[in-house]
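Single-structure report; data block below.
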Amino acid sequence: MRVVGLMSGTSYDAIDAAAADLSLHGDTLVLTPLGMISTPYDDDLRADLAGALPPARVDLATVCRLDTRIGQAFAAAAVRADEELCGGRTDLVASHGQTVFHWTEDGRVHGTLQIGEASWIAEATGRPVVSGFRTRDVAAGGQGAPLVSIVDVMWLRGRPGVPVALNLGGIGNVTVVPGGSAGTGGEPLAFDTGPANALIDAAVTASAGRDASGDVPGYAPTMDADGALAARGTVHLPLLRRLLADPYYARPAPKTTGKERFHLPYLRAALDACEPLSVEDVVATLTRLTARTVADAIRPFGATEVIASGGGTRNPVLMDRLRQELGAGRAGGVDGRGGRGGCVVRSSDELGLPAGAKEAYAFAVLGWLTAHGLPGTVPSCTGARRASVLGSITPGDPGLRLPRLPATAPVRLTVDGGPGPVRPYHLR
């Protein structure tokens with residue numbers, strides 16, 4: 001089955017569309033990557049979306065317009081992916097949508113909202129669309145995140161030692177997979193570590209003359225490209241200590257967070273207690289904050305390798321700071337091991353999934369699971385009472401025919417090296 005996974009993360013800068021050919025062999029799901037395209041949100045839509053996110057207050061008319069416009073943007077990305085990556089033979093589209101609110105109180109998630117109406121995608125492509133993945137897990141008592149944990153567990157199962165999958169988007173999240181060939185045992189665990197790029201992006205955007213909604217006309221940077229600002233700055237220890245005191249970091253897993261907490265006003269409140277700082281020093285401090293909180297989250301599990309993906313992997317300063325915090329080396333050293341703890345930090349590219357497209361591929365897998373009537377969660381990772389089949393299916397044209405429930409559910413995921421033959425498969 002050829003599936004297009006659509007993803008726009010907490011950085012809300014673009015829609016990533018990754019196409020995969022997925023086939024089940026025994027208990028192993030084989031993923032053949034067919035490629036990825038990334039479509040930036042247009043400036044007006046991105047500004048309007050930024051202006052509607054917490055802590056802003058918006059009316060339902062704004063939500064309706066954004067739901068429609070984002071749905072149409074996702075639809076255009078799906079059409080491109082179908083034509084350019086699948087030769088017009090896509091069987092299914094899996095759309096994460098755009099998260100605009102994750103309702104958490106006292107460590108519990110009460111609700112979550114992703115917008116980008118799936119009907120626009122189904123109408124534009126003629127293909128069935130799986131969407132609304134997170135809510136079912138929340139209804140089952142889970143955190144609704146990180147949903148990619150089931151893919152991480154299937155993908156990393158059997159690797160030696162204790163592998164950890166790390167995603168560095170706006171928010172950082174990890175999946176810890178103990179019990180590899182080293183026989184460490186234990187259930188897999190997943191949780192959000194805190195801000196990855198969220199506060200860095202907020203600081204850069206604000207320094208460029210934009211406010212929290214980013215609606216000043218003209219171009220201005222919204223990220224620390226290549227870590228250039230952090231490289232020129234010096235970590236301000238009082239600010240770092242103040243930020244590290246946030247109680248979120250001490251909460252037990254599973255736990256999730258988002259830009260509802262880590263946003264520009266949050267950063268400004270911390271800065272108000274400090275002497276005036278240059279943007280370089282602020283960004284250097286926030287980069288160290290991300291590296292420190294990720295490392296602190298990973299260290300207790302005795303990770304032997306960290307497999308990183310997401311936009312943060314393109315920031316060499318952030319990645320170097322993370323290696324410093326973990327006492328880790330790069331993959332491919334003299335003995336194949338890292339630093340003091342023997343932990344290697346590598347990119348997901350080395351395991352076959354492009355770092356910039358891994359989450360989009362993961363949602364393609366989640367869509368495949370839903371279409372086959374299979375659960376898409378690991379309860380120990382999300383904290384749910386049980387595993388659930390995720391999402392809702394919007395039929396394509398002219399109707400909907402679902403595949404049979406497989407005789408054996410996949411427990412492993414392998415990534416094939418290249419595109420395979422087009423397999424006739426009709427899920428319409």
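Note on naming: chains are A, B, ... as they come in the structure tokens, residues start from 1 per chain, ligands start from 1 in the order shown.
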
From the DSSP assignment of the backbone, select every residue of region 144-304 of chain A that is helix (DSSP H, G or I), and format the answer as a ChimeraX atom specification.
-> /A:149-156,198-207,225-232,237-244,247-250,264-272,279-301

Keeping only C-alpha atoms, take the residues you just selected and write them out as a PDB file, in the first residue's frame.
ATOM      1  CA  SER A 149       6.396   6.130  19.857  1.00  0.00           C
ATOM      2  CA  ILE A 150       4.790   2.988  18.410  1.00  0.00           C
ATOM      3  CA  VAL A 151       6.795   3.484  15.220  1.00  0.00           C
ATOM      4  CA  ASP A 152       9.978   4.061  17.232  1.00  0.00           C
ATOM      5  CA  VAL A 153       9.371   0.906  19.269  1.00  0.00           C
ATOM      6  CA  MET A 154       8.784  -1.220  16.159  1.00  0.00           C
ATOM      7  CA  TRP A 155      11.754   0.354  14.365  1.00  0.00           C
ATOM      8  CA  LEU A 156      14.315   0.128  17.183  1.00  0.00           C
ATOM      9  CA  ALA A 198      10.242  26.661  20.460  1.00  0.00           C
ATOM     10  CA  LEU A 199      11.962  29.187  22.727  1.00  0.00           C
ATOM     11  CA  ILE A 200      14.939  29.631  20.386  1.00  0.00           C
ATOM     12  CA  ASP A 201      12.574  30.472  17.528  1.00  0.00           C
ATOM     13  CA  ALA A 202      10.577  32.816  19.766  1.00  0.00           C
ATOM     14  CA  ALA A 203      13.724  34.714  20.780  1.00  0.00           C
ATOM     15  CA  VAL A 204      14.966  35.049  17.207  1.00  0.00           C
ATOM     16  CA  THR A 205      11.554  36.121  15.917  1.00  0.00           C
ATOM     17  CA  ALA A 206      11.158  38.739  18.656  1.00  0.00           C
ATOM     18  CA  SER A 207      14.664  40.099  18.082  1.00  0.00           C
ATOM     19  CA  ALA A 225      19.932  29.154  11.065  1.00  0.00           C
ATOM     20  CA  ASP A 226      22.953  26.854  11.454  1.00  0.00           C
ATOM     21  CA  GLY A 227      23.202  27.899  15.118  1.00  0.00           C
ATOM     22  CA  ALA A 228      24.976  31.103  14.088  1.00  0.00           C
ATOM     23  CA  LEU A 229      23.586  33.229  16.933  1.00  0.00           C
ATOM     24  CA  ALA A 230      24.229  30.581  19.578  1.00  0.00           C
ATOM     25  CA  ALA A 231      27.795  30.150  18.347  1.00  0.00           C
ATOM     26  CA  ARG A 232      28.492  33.863  18.899  1.00  0.00           C
ATOM     27  CA  LEU A 237      23.920  31.087  33.935  1.00  0.00           C
ATOM     28  CA  PRO A 238      21.305  32.979  36.015  1.00  0.00           C
ATOM     29  CA  LEU A 239      18.840  32.815  33.113  1.00  0.00           C
ATOM     30  CA  LEU A 240      19.642  29.152  32.511  1.00  0.00           C
ATOM     31  CA  ARG A 241      19.090  28.294  36.178  1.00  0.00           C
ATOM     32  CA  ARG A 242      15.800  30.180  36.200  1.00  0.00           C
ATOM     33  CA  LEU A 243      14.533  28.333  33.140  1.00  0.00           C
ATOM     34  CA  LEU A 244      15.687  24.946  34.455  1.00  0.00           C
ATOM     35  CA  PRO A 247       8.524  22.195  37.432  1.00  0.00           C
ATOM     36  CA  TYR A 248       7.675  20.464  34.150  1.00  0.00           C
ATOM     37  CA  TYR A 249      11.142  18.926  33.949  1.00  0.00           C
ATOM     38  CA  ALA A 250      10.770  17.151  37.308  1.00  0.00           C
ATOM     39  CA  LEU A 264       7.359  34.144  23.974  1.00  0.00           C
ATOM     40  CA  PRO A 265       5.596  35.644  27.041  1.00  0.00           C
ATOM     41  CA  TYR A 266       7.022  32.753  29.103  1.00  0.00           C
ATOM     42  CA  LEU A 267      10.505  33.668  27.884  1.00  0.00           C
ATOM     43  CA  ARG A 268       9.958  37.376  28.460  1.00  0.00           C
ATOM     44  CA  ALA A 269       8.918  36.725  32.053  1.00  0.00           C
ATOM     45  CA  ALA A 270      12.227  34.938  32.636  1.00  0.00           C
ATOM     46  CA  LEU A 271      14.199  37.690  30.910  1.00  0.00           C
ATOM     47  CA  ASP A 272      12.540  40.382  33.022  1.00  0.00           C
ATOM     48  CA  VAL A 279      20.094  38.126  21.382  1.00  0.00           C
ATOM     49  CA  GLU A 280      23.245  36.036  20.904  1.00  0.00           C
ATOM     50  CA  ASP A 281      23.506  35.378  24.646  1.00  0.00           C
ATOM     51  CA  VAL A 282      19.789  34.626  24.943  1.00  0.00           C
ATOM     52  CA  VAL A 283      19.906  32.132  22.064  1.00  0.00           C
ATOM     53  CA  ALA A 284      23.105  30.532  23.391  1.00  0.00           C
ATOM     54  CA  THR A 285      21.384  30.080  26.757  1.00  0.00           C
ATOM     55  CA  LEU A 286      18.233  28.622  25.199  1.00  0.00           C
ATOM     56  CA  THR A 287      20.286  26.264  23.059  1.00  0.00           C
ATOM     57  CA  ARG A 288      22.036  25.021  26.183  1.00  0.00           C
ATOM     58  CA  LEU A 289      18.624  24.712  27.886  1.00  0.00           C
ATOM     59  CA  THR A 290      17.385  22.406  25.134  1.00  0.00           C
ATOM     60  CA  ALA A 291      20.525  20.274  25.223  1.00  0.00           C
ATOM     61  CA  ARG A 292      20.536  20.090  29.029  1.00  0.00           C
ATOM     62  CA  THR A 293      16.868  19.156  29.403  1.00  0.00           C
ATOM     63  CA  VAL A 294      17.061  16.511  26.662  1.00  0.00           C
ATOM     64  CA  ALA A 295      20.205  15.016  28.214  1.00  0.00           C
ATOM     65  CA  ASP A 296      18.734  15.100  31.724  1.00  0.00           C
ATOM     66  CA  ALA A 297      15.653  13.288  30.413  1.00  0.00           C
ATOM     67  CA  ILE A 298      17.677  10.588  28.635  1.00  0.00           C
ATOM     68  CA  ARG A 299      20.509  10.009  31.104  1.00  0.00           C
ATOM     69  CA  PRO A 300      18.604   7.997  33.761  1.00  0.00           C
ATOM     70  CA  PHE A 301      17.826   5.253  31.230  1.00  0.00           C
TER      71      PHE A 301
END

Polymer residues at most 6 Å from Ala360 (chain A), only C-alpha atoms, same-chain spacing of 4 or more positions, as a compact mmCIF listing (two decimals) with N, CA and C atoms, in the first residue's frame:
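Wrote it out as around.txt, contents follow:
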# COMPACT_ATOMS: atom_id res chain seq x y z
N GLY A 5 2.09 10.45 4.16
CA GLY A 5 1.95 11.01 5.49
C GLY A 5 2.17 12.50 5.47
N LEU A 6 1.24 13.25 6.07
CA LEU A 6 1.31 14.72 6.10
C LEU A 6 1.54 15.18 7.53
N MET A 7 2.50 16.09 7.71
CA MET A 7 2.86 16.52 9.06
C MET A 7 3.25 17.99 9.07
N ALA A 18 5.51 12.90 3.16
CA ALA A 18 6.40 11.78 2.87
C ALA A 18 5.58 10.61 2.35

Counting only C-alpha atoms, what is within 9 Å of region 86-93 of chain A, bar same-chain residues fewer than 2 positions away, as a PyMOL selection string?
-> chain A and resi 1-6+19-20+34-35+78-79+81-84+95+121-122+125+127-131+364+367-368+371+396+422+424-428

Can I get the selection written as a PDB file, in the first residue's frame, with C-alpha atoms?
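Output file part_27.pdb follows:
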ATOM      1  CA  MET A   1       0.000   0.000   0.000  1.00  0.00           C
ATOM      2  CA  ARG A   2       1.295   3.446  -0.907  1.00  0.00           C
ATOM      3  CA  VAL A   3       0.609   5.957   1.849  1.00  0.00           C
ATOM      4  CA  VAL A   4       1.324   9.688   1.994  1.00  0.00           C
ATOM      5  CA  GLY A   5       1.948  11.007   5.495  1.00  0.00           C
ATOM      6  CA  LEU A   6       1.312  14.717   6.103  1.00  0.00           C
ATOM      7  CA  ALA A  19       5.360   8.866   0.681  1.00  0.00           C
ATOM      8  CA  ALA A  20       6.010   5.263   1.676  1.00  0.00           C
ATOM      9  CA  LEU A  34       9.472   7.030  -1.844  1.00  0.00           C
ATOM     10  CA  GLY A  35      10.580  10.566  -1.024  1.00  0.00           C
ATOM     11  CA  ALA A  78      -1.087  15.800  -0.750  1.00  0.00           C
ATOM     12  CA  VAL A  79      -1.821  16.364  -4.438  1.00  0.00           C
ATOM     13  CA  ALA A  81       3.030  14.162  -3.157  1.00  0.00           C
ATOM     14  CA  ASP A  82       0.637  11.881  -5.027  1.00  0.00           C
ATOM     15  CA  GLU A  83       1.811  13.172  -8.392  1.00  0.00           C
ATOM     16  CA  GLU A  84       5.529  13.642  -7.726  1.00  0.00           C
ATOM     17  CA  SER A  95      -2.826  13.687   7.920  1.00  0.00           C
ATOM     18  CA  ILE A 121      -7.679  16.499   1.262  1.00  0.00           C
ATOM     19  CA  ALA A 122     -10.112  13.735   0.299  1.00  0.00           C
ATOM     20  CA  THR A 125      -6.966  13.755  -4.056  1.00  0.00           C
ATOM     21  CA  ARG A 127      -8.167   9.217  -1.732  1.00  0.00           C
ATOM     22  CA  PRO A 128      -9.345   8.195   1.743  1.00  0.00           C
ATOM     23  CA  VAL A 129      -7.774  10.192   4.545  1.00  0.00           C
ATOM     24  CA  VAL A 130      -6.997   9.157   8.103  1.00  0.00           C
ATOM     25  CA  SER A 131      -6.887  12.139  10.472  1.00  0.00           C
ATOM     26  CA  ALA A 364       2.108   7.201   7.151  1.00  0.00           C
ATOM     27  CA  GLY A 367      -2.439   5.653   8.842  1.00  0.00           C
ATOM     28  CA  TRP A 368      -1.621   2.150   7.575  1.00  0.00           C
ATOM     29  CA  ALA A 371      -6.748   1.403   7.775  1.00  0.00           C
ATOM     30  CA  GLY A 396     -12.287   9.189  -0.978  1.00  0.00           C
ATOM     31  CA  VAL A 422       4.066  -0.156  -7.907  1.00  0.00           C
ATOM     32  CA  PRO A 424      -1.951  -2.544  -7.431  1.00  0.00           C
ATOM     33  CA  TYR A 425      -3.962  -1.837  -4.329  1.00  0.00           C
ATOM     34  CA  HIS A 426      -7.372  -0.256  -4.197  1.00  0.00           C
ATOM     35  CA  LEU A 427      -8.503   1.485  -1.045  1.00  0.00           C
ATOM     36  CA  ARG A 428     -11.072   3.972  -2.226  1.00  0.00           C
TER      37      ARG A 428
END

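Taking only C-alpha atoms into account, Thr414 (chain A) lies nearest to A:Arg159 out of the set A:Arg323, A:Arg159, A:Arg136, A:His102.
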
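The shortest atom-to-atom distance to Ile37 (chain A), with only C-alpha atoms taken into account, belongs to A:Leu85 out of A:Leu351, A:Leu22, A:Cys343, A:Leu85.
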